[in-house]
$ cat my_file.cif   # mmCIF, C-alpha atoms, pLDDT in the B column; chains and numbers go by the auth columns
data_target
#
loop_
_atom_site.group_PDB
_atom_site.id
_atom_site.type_symbol
_atom_site.label_atom_id
_atom_site.label_comp_id
_atom_site.label_asym_id
_atom_site.label_seq_id
_atom_site.Cartn_x
_atom_site.Cartn_y
_atom_site.Cartn_z
_atom_site.B_iso_or_equiv
_atom_site.auth_seq_id
_atom_site.auth_asym_id
ATOM 1 C CA MET A 1 22.536 5.057 -7.219 52.00 995 A
ATOM 2 C CA THR A 2 19.990 6.431 -9.693 57.00 996 A
ATOM 3 C CA GLU A 3 16.427 6.238 -8.411 61.00 997 A
ATOM 4 C CA VAL A 4 14.528 3.468 -10.188 67.00 998 A
ATOM 5 C CA ARG A 5 10.735 3.288 -9.946 63.00 999 A
ATOM 6 C CA ILE A 6 9.121 -0.066 -10.616 71.00 1000 A
ATOM 7 C CA THR A 7 5.369 -0.311 -11.042 60.00 1001 A
ATOM 8 C CA ASP A 8 4.311 -3.467 -9.283 69.00 1002 A
ATOM 9 C CA ASP A 9 2.390 -5.808 -11.641 85.00 1003 A
ATOM 10 C CA LEU A 10 -0.148 -3.278 -12.873 90.00 1004 A
ATOM 11 C CA ASP A 11 -2.032 -6.029 -14.694 91.00 1005 A
ATOM 12 C CA ALA A 12 -2.901 -7.598 -11.317 93.00 1006 A
ATOM 13 C CA LEU A 13 -4.583 -4.374 -10.213 94.00 1007 A
ATOM 14 C CA LEU A 14 -6.363 -3.737 -13.491 95.00 1008 A
ATOM 15 C CA ALA A 15 -7.715 -7.293 -13.468 95.00 1009 A
ATOM 16 C CA VAL A 16 -9.841 -6.646 -10.357 96.00 1010 A
ATOM 17 C CA LEU A 17 -11.520 -3.577 -11.872 97.00 1011 A
ATOM 18 C CA PRO A 18 -14.802 -3.708 -13.833 97.00 1012 A
ATOM 19 C CA PRO A 19 -14.002 -4.653 -17.457 96.00 1013 A
ATOM 20 C CA HIS A 20 -15.093 -1.318 -18.965 96.00 1014 A
ATOM 21 C CA VAL A 21 -12.922 0.567 -16.456 96.00 1015 A
ATOM 22 C CA GLU A 22 -9.921 -1.663 -17.133 95.00 1016 A
ATOM 23 C CA ALA A 23 -10.355 -1.212 -20.894 95.00 1017 A
ATOM 24 C CA ALA A 24 -10.515 2.569 -20.548 95.00 1018 A
ATOM 25 C CA ILE A 25 -7.286 2.701 -18.535 94.00 1019 A
ATOM 26 C CA ARG A 26 -5.509 0.531 -21.082 92.00 1020 A
ATOM 27 C CA ARG A 27 -6.548 2.911 -23.862 92.00 1021 A
ATOM 28 C CA ILE A 28 -5.039 5.910 -22.083 89.00 1022 A
ATOM 29 C CA ASP A 29 -1.373 6.624 -22.668 77.00 1023 A
ATOM 30 C CA GLY A 30 0.642 6.945 -19.456 72.00 1024 A
ATOM 31 C CA LYS A 31 -0.089 3.842 -17.391 76.00 1025 A
ATOM 32 C CA ASP A 32 3.316 4.252 -15.728 79.00 1026 A
ATOM 33 C CA ASP A 33 2.069 7.532 -14.227 86.00 1027 A
ATOM 34 C CA LEU A 34 -1.187 6.106 -12.872 91.00 1028 A
ATOM 35 C CA ILE A 35 -1.611 6.764 -9.137 91.00 1029 A
ATOM 36 C CA GLU A 36 -5.095 5.468 -8.348 94.00 1030 A
ATOM 37 C CA VAL A 37 -8.543 4.628 -9.673 97.00 1031 A
ATOM 38 C CA VAL A 38 -11.606 5.993 -7.864 98.00 1032 A
ATOM 39 C CA LEU A 39 -14.980 4.260 -7.999 98.00 1033 A
ATOM 40 C CA ASP A 40 -17.776 6.035 -6.113 98.00 1034 A
ATOM 41 C CA LEU A 41 -21.340 4.760 -6.256 98.00 1035 A
ATOM 42 C CA GLY A 42 -23.485 6.924 -8.527 97.00 1036 A
ATOM 43 C CA ARG A 43 -20.526 8.856 -9.963 98.00 1037 A
ATOM 44 C CA VAL A 44 -18.395 8.353 -13.052 98.00 1038 A
ATOM 45 C CA PRO A 45 -15.151 6.378 -12.544 98.00 1039 A
ATOM 46 C CA GLU A 46 -11.955 8.414 -12.479 97.00 1040 A
ATOM 47 C CA ALA A 47 -8.242 7.759 -12.874 96.00 1041 A
ATOM 48 C CA ARG A 48 -5.701 9.966 -11.167 94.00 1042 A
ATOM 49 C CA TYR A 49 -2.236 10.422 -12.624 92.00 1043 A
ATOM 50 C CA PHE A 50 0.832 12.307 -11.415 86.00 1044 A
ATOM 51 C CA ASP A 51 -0.116 15.377 -13.431 85.00 1045 A
ATOM 52 C CA ARG A 52 -3.787 15.016 -14.340 91.00 1046 A
ATOM 53 C CA GLU A 53 -7.126 13.288 -13.802 94.00 1047 A
ATOM 54 C CA ALA A 54 -9.250 11.455 -16.359 94.00 1048 A
ATOM 55 C CA ILE A 55 -12.876 10.326 -16.518 96.00 1049 A
ATOM 56 C CA LEU A 56 -12.875 6.683 -17.569 95.00 1050 A
ATOM 57 C CA ASP A 57 -16.491 6.213 -18.614 95.00 1051 A
ATOM 58 C CA GLU A 58 -19.681 8.249 -18.829 95.00 1052 A
ATOM 59 C CA ARG A 59 -21.595 5.485 -17.047 95.00 1053 A
ATOM 60 C CA GLU A 60 -21.984 5.930 -13.320 97.00 1054 A
ATOM 61 C CA VAL A 61 -20.502 3.343 -10.950 97.00 1055 A
ATOM 62 C CA THR A 62 -23.056 0.756 -9.825 97.00 1056 A
ATOM 63 C CA GLU A 63 -23.248 -1.597 -6.862 97.00 1057 A
ATOM 64 C CA ALA A 64 -22.408 -4.415 -9.285 97.00 1058 A
ATOM 65 C CA ASP A 65 -19.176 -2.603 -10.234 97.00 1059 A
ATOM 66 C CA LEU A 66 -18.152 -2.308 -6.587 97.00 1060 A
ATOM 67 C CA GLU A 67 -19.020 -5.941 -5.909 97.00 1061 A
ATOM 68 C CA HIS A 68 -16.900 -6.938 -8.918 97.00 1062 A
ATOM 69 C CA VAL A 69 -13.849 -5.424 -7.191 97.00 1063 A
ATOM 70 C CA ILE A 70 -14.697 -6.631 -3.680 96.00 1064 A
ATOM 71 C CA SER A 71 -15.065 -10.244 -4.800 94.00 1065 A
ATOM 72 C CA ARG A 72 -11.598 -10.260 -6.368 93.00 1066 A
ATOM 73 C CA ILE A 73 -9.445 -8.897 -3.552 91.00 1067 A
ATOM 74 C CA GLY A 74 -8.436 -9.833 -0.016 81.00 1068 A
ATOM 75 C CA THR A 75 -10.420 -9.182 3.142 86.00 1069 A
ATOM 76 C CA PHE A 76 -10.748 -5.572 4.302 90.00 1070 A
ATOM 77 C CA THR A 77 -9.049 -4.759 7.611 85.00 1071 A
ATOM 78 C CA ASP A 78 -10.455 -2.637 10.427 84.00 1072 A
ATOM 79 C CA GLU A 79 -8.901 0.297 8.582 86.00 1073 A
ATOM 80 C CA ASN A 80 -10.958 -0.544 5.470 93.00 1074 A
ATOM 81 C CA ARG A 81 -7.892 -1.533 3.489 91.00 1075 A
ATOM 82 C CA ALA A 82 -7.337 -4.638 1.395 92.00 1076 A
ATOM 83 C CA GLY A 83 -4.685 -5.821 -1.030 91.00 1077 A
ATOM 84 C CA ILE A 84 -3.808 -8.192 -3.820 91.00 1078 A
ATOM 85 C CA GLU A 85 -1.574 -11.061 -2.777 88.00 1079 A
ATOM 86 C CA ARG A 86 2.161 -10.602 -3.402 86.00 1080 A
ATOM 87 C CA THR A 87 1.737 -7.070 -4.734 90.00 1081 A
ATOM 88 C CA LEU A 88 2.026 -3.613 -3.188 91.00 1082 A
ATOM 89 C CA HIS A 89 -1.329 -2.393 -4.513 93.00 1083 A
ATOM 90 C CA ARG A 90 -3.841 -1.106 -1.959 92.00 1084 A
ATOM 91 C CA ILE A 91 -7.609 -1.048 -2.228 95.00 1085 A
ATOM 92 C CA SER A 92 -9.404 1.160 0.299 96.00 1086 A
ATOM 93 C CA ALA A 93 -13.142 1.253 0.934 97.00 1087 A
ATOM 94 C CA MET A 94 -15.580 3.990 1.927 97.00 1088 A
ATOM 95 C CA ARG A 95 -18.686 2.791 3.776 97.00 1089 A
ATOM 96 C CA ASN A 96 -22.050 4.318 4.528 97.00 1090 A
ATOM 97 C CA ARG A 97 -23.407 4.533 8.062 96.00 1091 A
ATOM 98 C CA HIS A 98 -24.718 0.967 7.806 96.00 1092 A
ATOM 99 C CA GLY A 99 -21.327 -0.462 6.846 94.00 1093 A
ATOM 100 C CA ARG A 100 -22.075 -1.018 3.152 96.00 1094 A
ATOM 101 C CA ILE A 101 -19.230 -0.151 0.751 97.00 1095 A
ATOM 102 C CA VAL A 102 -20.130 2.833 -1.424 98.00 1096 A
ATOM 103 C CA GLY A 103 -16.714 3.843 -2.703 98.00 1097 A
ATOM 104 C CA ILE A 104 -13.352 2.272 -3.588 98.00 1098 A
ATOM 105 C CA THR A 105 -9.904 3.754 -4.111 97.00 1099 A
ATOM 106 C CA ALA A 106 -7.521 1.395 -5.912 96.00 1100 A
ATOM 107 C CA ARG A 107 -3.989 2.716 -5.434 93.00 1101 A
ATOM 108 C CA VAL A 108 -1.081 1.538 -7.575 92.00 1102 A
ATOM 109 C CA GLY A 109 1.815 0.040 -5.597 88.00 1103 A
ATOM 110 C CA ARG A 110 5.373 0.846 -6.626 84.00 1104 A
ATOM 111 C CA ALA A 111 8.782 -0.133 -5.344 83.00 1105 A
ATOM 112 C CA VAL A 112 11.382 2.608 -5.671 82.00 1106 A
ATOM 113 C CA TYR A 113 15.038 1.617 -5.410 85.00 1107 A
ATOM 114 C CA GLY A 114 17.608 4.253 -4.550 83.00 1108 A
ATOM 115 C CA THR A 115 15.129 6.497 -2.754 83.00 1109 A
ATOM 116 C CA ILE A 116 17.109 6.527 0.525 86.00 1110 A
ATOM 117 C CA ASP A 117 20.525 7.287 -0.968 86.00 1111 A
ATOM 118 C CA ILE A 118 20.390 10.897 0.229 86.00 1112 A
ATOM 119 C CA ILE A 119 19.798 9.777 3.861 89.00 1113 A
ATOM 120 C CA LYS A 120 21.590 6.420 3.796 89.00 1114 A
ATOM 121 C CA ASP A 121 24.154 7.595 6.363 92.00 1115 A
ATOM 122 C CA ILE A 122 21.323 8.370 8.804 93.00 1116 A
ATOM 123 C CA VAL A 123 19.448 5.128 8.058 91.00 1117 A
ATOM 124 C CA THR A 124 22.556 3.054 8.752 91.00 1118 A
ATOM 125 C CA SER A 125 23.620 5.049 11.836 92.00 1119 A
ATOM 126 C CA GLY A 126 21.699 2.873 14.284 89.00 1120 A
ATOM 127 C CA LYS A 127 19.568 5.767 15.484 91.00 1121 A
ATOM 128 C CA SER A 128 15.778 5.867 15.565 91.00 1122 A
ATOM 129 C CA ILE A 129 14.214 7.666 12.602 92.00 1123 A
ATOM 130 C CA LEU A 130 10.734 9.176 12.263 92.00 1124 A
ATOM 131 C CA LEU A 131 9.533 10.133 8.785 92.00 1125 A
ATOM 132 C CA LEU A 132 6.934 12.897 8.549 92.00 1126 A
ATOM 133 C CA GLY A 133 4.956 14.169 5.576 90.00 1127 A
ATOM 134 C CA ARG A 134 1.535 14.425 4.024 88.00 1128 A
ATOM 135 C CA PRO A 135 -0.102 11.327 2.464 79.00 1129 A
ATOM 136 C CA GLY A 136 1.303 10.262 -0.873 76.00 1130 A
ATOM 137 C CA VAL A 137 4.780 11.792 -0.645 81.00 1131 A
ATOM 138 C CA GLY A 138 6.520 8.416 -0.365 83.00 1132 A
ATOM 139 C CA LYS A 139 7.068 7.720 3.338 89.00 1133 A
ATOM 140 C CA THR A 140 6.097 4.043 3.084 90.00 1134 A
ATOM 141 C CA THR A 141 8.131 3.656 -0.104 89.00 1135 A
ATOM 142 C CA MET A 142 11.174 5.005 1.712 90.00 1136 A
ATOM 143 C CA LEU A 143 10.532 2.711 4.698 92.00 1137 A
ATOM 144 C CA ARG A 144 10.349 -0.282 2.375 92.00 1138 A
ATOM 145 C CA GLU A 145 13.677 0.615 0.788 93.00 1139 A
ATOM 146 C CA ALA A 146 15.255 1.284 4.193 94.00 1140 A
ATOM 147 C CA ALA A 147 14.154 -2.148 5.406 95.00 1141 A
ATOM 148 C CA ARG A 148 15.681 -3.790 2.329 94.00 1142 A
ATOM 149 C CA VAL A 149 19.013 -1.989 2.671 93.00 1143 A
ATOM 150 C CA LEU A 150 19.302 -2.538 6.440 95.00 1144 A
ATOM 151 C CA ALA A 151 18.413 -6.235 6.105 96.00 1145 A
ATOM 152 C CA GLU A 152 21.567 -6.801 4.084 95.00 1146 A
ATOM 153 C CA THR A 153 23.637 -6.426 7.267 95.00 1147 A
ATOM 154 C CA ASN A 154 21.136 -6.475 10.157 96.00 1148 A
ATOM 155 C CA ARG A 155 18.286 -8.543 11.560 97.00 1149 A
ATOM 156 C CA VAL A 156 15.264 -6.538 10.447 97.00 1150 A
ATOM 157 C CA VAL A 157 11.635 -7.210 11.389 97.00 1151 A
ATOM 158 C CA ILE A 158 8.812 -5.246 9.779 97.00 1152 A
ATOM 159 C CA VAL A 159 5.680 -4.890 11.912 96.00 1153 A
ATOM 160 C CA ASP A 160 3.277 -4.501 9.009 93.00 1154 A
ATOM 161 C CA THR A 161 -0.066 -3.329 10.367 87.00 1155 A
ATOM 162 C CA SER A 162 -1.906 -2.984 7.042 84.00 1156 A
ATOM 163 C CA ASN A 163 0.539 -4.943 4.853 89.00 1157 A
ATOM 164 C CA GLU A 164 1.539 -1.607 3.354 87.00 1158 A
ATOM 165 C CA ILE A 165 5.282 -2.242 3.533 92.00 1159 A
ATOM 166 C CA GLY A 166 5.605 -5.916 2.614 92.00 1160 A
ATOM 167 C CA GLY A 167 2.534 -6.304 0.422 90.00 1161 A
ATOM 168 C CA ASP A 168 -0.564 -8.429 0.828 88.00 1162 A
ATOM 169 C CA GLY A 169 -0.459 -12.176 1.462 87.00 1163 A
ATOM 170 C CA ASP A 170 1.761 -14.342 3.626 91.00 1164 A
ATOM 171 C CA ILE A 171 4.915 -14.078 1.497 93.00 1165 A
ATOM 172 C CA PRO A 172 6.581 -10.635 1.743 92.00 1166 A
ATOM 173 C CA HIS A 173 7.165 -8.685 -1.452 91.00 1167 A
ATOM 174 C CA PRO A 174 10.721 -8.916 -2.901 90.00 1168 A
ATOM 175 C CA ALA A 175 11.073 -5.141 -2.404 91.00 1169 A
ATOM 176 C CA VAL A 176 11.793 -5.685 1.324 93.00 1170 A
ATOM 177 C CA GLY A 177 14.721 -7.992 0.582 93.00 1171 A
ATOM 178 C CA ARG A 178 15.796 -10.222 3.496 96.00 1172 A
ATOM 179 C CA ALA A 179 13.716 -8.353 6.080 97.00 1173 A
ATOM 180 C CA ARG A 180 11.233 -10.507 7.991 97.00 1174 A
ATOM 181 C CA ARG A 181 7.631 -9.388 8.288 96.00 1175 A
ATOM 182 C CA MET A 182 5.131 -9.775 11.134 96.00 1176 A
ATOM 183 C CA GLN A 183 1.502 -9.106 10.272 94.00 1177 A
ATOM 184 C CA VAL A 184 -0.897 -7.451 12.716 91.00 1178 A
ATOM 185 C CA PRO A 185 -4.419 -8.884 13.165 87.00 1179 A
ATOM 186 C CA THR A 186 -5.960 -5.484 13.986 86.00 1180 A
ATOM 187 C CA PRO A 187 -4.489 -1.953 14.282 85.00 1181 A
ATOM 188 C CA THR A 188 -5.153 -1.883 18.025 88.00 1182 A
ATOM 189 C CA ARG A 189 -2.682 -4.774 18.406 91.00 1183 A
ATOM 190 C CA GLN A 190 0.249 -3.033 16.716 93.00 1184 A
ATOM 191 C CA HIS A 191 2.010 -2.142 19.989 94.00 1185 A
ATOM 192 C CA ALA A 192 1.653 -5.740 21.219 94.00 1186 A
ATOM 193 C CA VAL A 193 3.148 -7.143 18.019 95.00 1187 A
ATOM 194 C CA MET A 194 6.040 -4.680 18.323 94.00 1188 A
ATOM 195 C CA ILE A 195 6.768 -6.080 21.799 94.00 1189 A
ATOM 196 C CA GLU A 196 6.373 -9.640 20.528 96.00 1190 A
ATOM 197 C CA ALA A 197 8.878 -8.938 17.758 95.00 1191 A
ATOM 198 C CA VAL A 198 11.487 -7.850 20.298 94.00 1192 A
ATOM 199 C CA GLU A 199 10.824 -10.692 22.742 95.00 1193 A
ATOM 200 C CA ASN A 200 10.622 -13.542 20.228 96.00 1194 A
ATOM 201 C CA HIS A 201 12.709 -12.703 17.183 96.00 1195 A
ATOM 202 C CA MET A 202 15.713 -10.655 18.366 95.00 1196 A
ATOM 203 C CA PRO A 203 15.629 -7.914 15.734 96.00 1197 A
ATOM 204 C CA GLU A 204 18.330 -5.293 15.539 95.00 1198 A
ATOM 205 C CA VAL A 205 15.951 -3.039 13.642 95.00 1199 A
ATOM 206 C CA ILE A 206 12.144 -2.755 13.736 95.00 1200 A
ATOM 207 C CA VAL A 207 10.314 -0.982 10.924 96.00 1201 A
ATOM 208 C CA ILE A 208 6.690 0.147 11.298 94.00 1202 A
ATOM 209 C CA ASP A 209 4.493 2.139 8.936 89.00 1203 A
ATOM 210 C CA GLU A 210 2.602 4.405 11.329 87.00 1204 A
ATOM 211 C CA ILE A 211 2.651 5.529 14.955 88.00 1205 A
ATOM 212 C CA GLY A 212 -0.814 6.576 16.040 84.00 1206 A
ATOM 213 C CA THR A 213 -1.162 5.840 19.762 87.00 1207 A
ATOM 214 C CA GLU A 214 0.716 6.488 22.993 90.00 1208 A
ATOM 215 C CA LEU A 215 1.282 2.752 23.437 88.00 1209 A
ATOM 216 C CA GLU A 216 2.987 2.507 20.042 88.00 1210 A
ATOM 217 C CA ALA A 217 5.164 5.539 20.775 87.00 1211 A
ATOM 218 C CA ALA A 218 6.199 4.068 24.135 86.00 1212 A
#
$ encode --input "my_file.cif" --output "structure tokens"
Amino acid sequence: MTEVRITDDLDALLAVLPPHVEAAIRRIDGKDDLIEVVLDLGRVPEARYFDREAILDEREVTEADLEHVISRIGTFTDENRAGIERTLHRISAMRNRHGRIVGITARVGRAVYGTIDIIKDIVTSGKSILLLGRPGVGKTTMLREAARVLAETNRVVIVDTSNEIGGDGDIPHPAVGRARRMQVPTPTRQHAVMIEAVENHMPEVIVIDEIGTELEAA
């Protein structure tokens, strides 16, 4: 299968940005290559693409600009991540020492079909798989595709700690196919939700986005 990359409803992400930032992005050719938009208080807004970066406006980001974004997205988790319902976009916050948001990274969500073809025999072997790599190389994208493919023939439950795999909101994104998704109220509860998935829902496969503690590994 040829790898197909689908940008997930870019208009939904652009709509939460300050109007002058949204307009600047729309004027730039190459929206399909957009990775993320960075808004830091007191600095000019930037867009990051696969092969370049671009300053979007000479005006510095204000508190009003940040509040514009915050008021239009979901609630931030303990990991300072939020989303837009039924999309794969991710908005992450930077806070000062008093907890006030002083920076936002709005990352474009994409579903990529065909990304696991090269390891499909391993994915379908029934063995446990751990994906390693630096941020941004596509680990979560590959997990999402693996969950979709495995769910065609297996009972798959995604334990989605930050809604990274199945998207924000209560209805999972179509990119995970028939896989079921359990949300996690706080990252420290991930291991408990993994156990709950096994005890209550009889999965043949569990998919999680990150392992960060001894309890989760166990």
$ atom_distance --input "my_file.cif" --atom1 "atom CA of A:Glu1139" --atom2 "atom CA of A:Gly1171"
8.7 Å
$ residues_around --input "my_file.cif" --residues "stretch 1126-1129 of chain A" --least-positions-apart "4" --cutoff "12 Å" --atoms "all atoms listed in the file" --output "ChimeraX atom specification"
/A:1133-1137,1203-1205
$ residues_around --input "my_file.cif" --residues "A:Asp1051" --least-positions-apart "6" --cutoff "10 Å" --atoms "only C-alpha atoms" --output "number ranges by chain"
A: 1014-1015, 1017-1019, 1037-1040
$ residues_around --input "my_file.cif" --residues "stretch 1028-1030 of chain A" --least-positions-apart "4" --cutoff "6 Å" --atoms "all atoms listed in the file" --output "MDAnalysis selection string"
chainID A and resid 1041:1043 1100:1102
$ closest_residue --input "my_file.cif" --among "A:Arg1089, A:Lys1121, A:Arg1175, A:Arg1138" --to "A:Met1188" --atoms "only C-alpha atoms"
A:Arg1175
$ closest_residue --input "my_file.cif" --among "A:Asp1162, A:Glu1057, A:Glu1210, A:Asp1115" --to "A:Thr1071" --atoms "only C-alpha atoms"
A:Asp1162
$ closest_residue --input "my_file.cif" --among "A:Asn1148, A:Ala1212, A:Phe1070, A:Leu1082" --to "A:Ile1189" --atoms "all atoms listed in the file"
A:Ala1212
$ resolve_selection --input "my_file.cif" --expression "the PyMOL selection byres ((chain A and resi 1166) around 12)" --output "MDAnalysis selection string"
chainID A and resid 1079:1082 1138 1141:1142 1151:1154 1157:1165 1167:1177
$ closest_residue --input "my_file.cif" --among "A:Glu1208, A:Glu1198, A:Asp1023, A:Asp1034" --to "A:Gly1097" --atoms "only C-alpha atoms"
A:Asp1034
$ atom_distance --input "my_file.cif" --atom1 "atom CA of A:Glu1073" --atom2 "atom CA of A:Leu1144"
28.4 Å
$ closest_residue --input "my_file.cif" --among "A:Ile1085, A:Val1178, A:Glu1047, A:Glu1061" --to "A:Glu1190" --atoms "all atoms listed in the file"
A:Val1178
$ residues_around --input "my_file.cif" --residues "A:Gly1206" --least-positions-apart "5" --cutoff "12 Å" --atoms "only C-alpha atoms" --output "ChimeraX atom specification"
/A:1155,1181-1185,1211-1212
$ atom_distance --input "my_file.cif" --atom1 "atom CA of A:Asp1059" --atom2 "atom CA of A:Ala1009"
12.8 Å
$ closest_residue --input "my_file.cif" --among "A:Val1150, A:Val1143, A:Ile1049, A:Ile1113" --to "A:Met1196" --atoms "all atoms listed in the file"
A:Val1150
$ build_atoms --input "my_file.cif" --residues "stretch 1103-1111 of chain A" --atoms "all heavy atoms" --output "mmCIF file, keeping the file's coordinate frame"
data_model
loop_
_atom_site.group_PDB
_atom_site.id
_atom_site.type_symbol
_atom_site.label_atom_id
_atom_site.label_comp_id
_atom_site.auth_asym_id
_atom_site.auth_seq_id
_atom_site.Cartn_x
_atom_site.Cartn_y
_atom_site.Cartn_z
ATOM 1 N N GLY A 1103 0.622 0.232 -6.419
ATOM 2 C CA GLY A 1103 1.815 0.040 -5.597
ATOM 3 C C GLY A 1103 3.072 0.089 -6.443
ATOM 4 O O GLY A 1103 3.117 -0.449 -7.550
ATOM 5 N N ARG A 1104 4.098 0.760 -5.913
ATOM 6 C CA ARG A 1104 5.373 0.846 -6.626
ATOM 7 C C ARG A 1104 6.525 0.665 -5.647
ATOM 8 O O ARG A 1104 6.478 1.165 -4.525
ATOM 9 C CB ARG A 1104 5.525 2.199 -7.332
ATOM 10 C CG ARG A 1104 4.601 2.378 -8.523
ATOM 11 C CD ARG A 1104 4.867 3.693 -9.241
ATOM 12 N NE ARG A 1104 4.108 3.763 -10.481
ATOM 13 C CZ ARG A 1104 2.883 4.249 -10.582
ATOM 14 N NH1 ARG A 1104 2.287 4.730 -9.499
ATOM 15 N NH2 ARG A 1104 2.269 4.280 -11.745
ATOM 16 N N ALA A 1105 7.533 -0.052 -6.098
ATOM 17 C CA ALA A 1105 8.782 -0.133 -5.344
ATOM 18 C C ALA A 1105 9.767 0.840 -5.980
ATOM 19 O O ALA A 1105 9.909 0.854 -7.199
ATOM 20 C CB ALA A 1105 9.333 -1.550 -5.372
ATOM 21 N N VAL A 1106 10.419 1.643 -5.150
ATOM 22 C CA VAL A 1106 11.382 2.608 -5.671
ATOM 23 C C VAL A 1106 12.740 2.305 -5.051
ATOM 24 O O VAL A 1106 12.917 2.397 -3.834
ATOM 25 C CB VAL A 1106 10.953 4.055 -5.353
ATOM 26 C CG1 VAL A 1106 11.937 5.037 -5.970
ATOM 27 C CG2 VAL A 1106 9.544 4.314 -5.872
ATOM 28 N N TYR A 1107 13.690 1.942 -5.877
ATOM 29 C CA TYR A 1107 15.038 1.617 -5.410
ATOM 30 C C TYR A 1107 15.940 2.840 -5.560
ATOM 31 O O TYR A 1107 15.898 3.539 -6.561
ATOM 32 C CB TYR A 1107 15.606 0.441 -6.216
ATOM 33 C CG TYR A 1107 14.792 -0.823 -6.061
ATOM 34 C CD1 TYR A 1107 13.750 -1.112 -6.926
ATOM 35 C CD2 TYR A 1107 15.046 -1.713 -5.019
ATOM 36 C CE1 TYR A 1107 12.980 -2.264 -6.777
ATOM 37 C CE2 TYR A 1107 14.293 -2.868 -4.858
ATOM 38 C CZ TYR A 1107 13.264 -3.130 -5.740
ATOM 39 O OH TYR A 1107 12.505 -4.269 -5.580
ATOM 40 N N GLY A 1108 16.720 3.099 -4.534
ATOM 41 C CA GLY A 1108 17.608 4.253 -4.550
ATOM 42 C C GLY A 1108 17.020 5.465 -3.870
ATOM 43 O O GLY A 1108 17.659 6.514 -3.776
ATOM 44 N N THR A 1109 15.808 5.337 -3.329
ATOM 45 C CA THR A 1109 15.129 6.497 -2.754
ATOM 46 C C THR A 1109 15.737 6.968 -1.442
ATOM 47 O O THR A 1109 15.523 8.098 -1.030
ATOM 48 C CB THR A 1109 13.625 6.182 -2.553
ATOM 49 O OG1 THR A 1109 12.944 7.370 -2.153
ATOM 50 C CG2 THR A 1109 13.422 5.127 -1.482
ATOM 51 N N ILE A 1110 16.521 6.104 -0.759
ATOM 52 C CA ILE A 1110 17.109 6.527 0.525
ATOM 53 C C ILE A 1110 18.579 6.914 0.399
ATOM 54 O O ILE A 1110 19.232 7.171 1.409
ATOM 55 C CB ILE A 1110 16.963 5.431 1.605
ATOM 56 C CG1 ILE A 1110 17.820 4.207 1.255
ATOM 57 C CG2 ILE A 1110 15.524 5.062 1.842
ATOM 58 C CD1 ILE A 1110 18.065 3.305 2.446
ATOM 59 N N ASP A 1111 19.101 6.971 -0.815
ATOM 60 C CA ASP A 1111 20.525 7.287 -0.968
ATOM 61 C C ASP A 1111 20.919 8.575 -0.265
ATOM 62 O O ASP A 1111 21.974 8.669 0.353
ATOM 63 C CB ASP A 1111 20.878 7.388 -2.455
ATOM 64 C CG ASP A 1111 20.994 6.014 -3.113
ATOM 65 O OD1 ASP A 1111 20.798 5.019 -2.394
ATOM 66 O OD2 ASP A 1111 21.265 5.950 -4.319
#
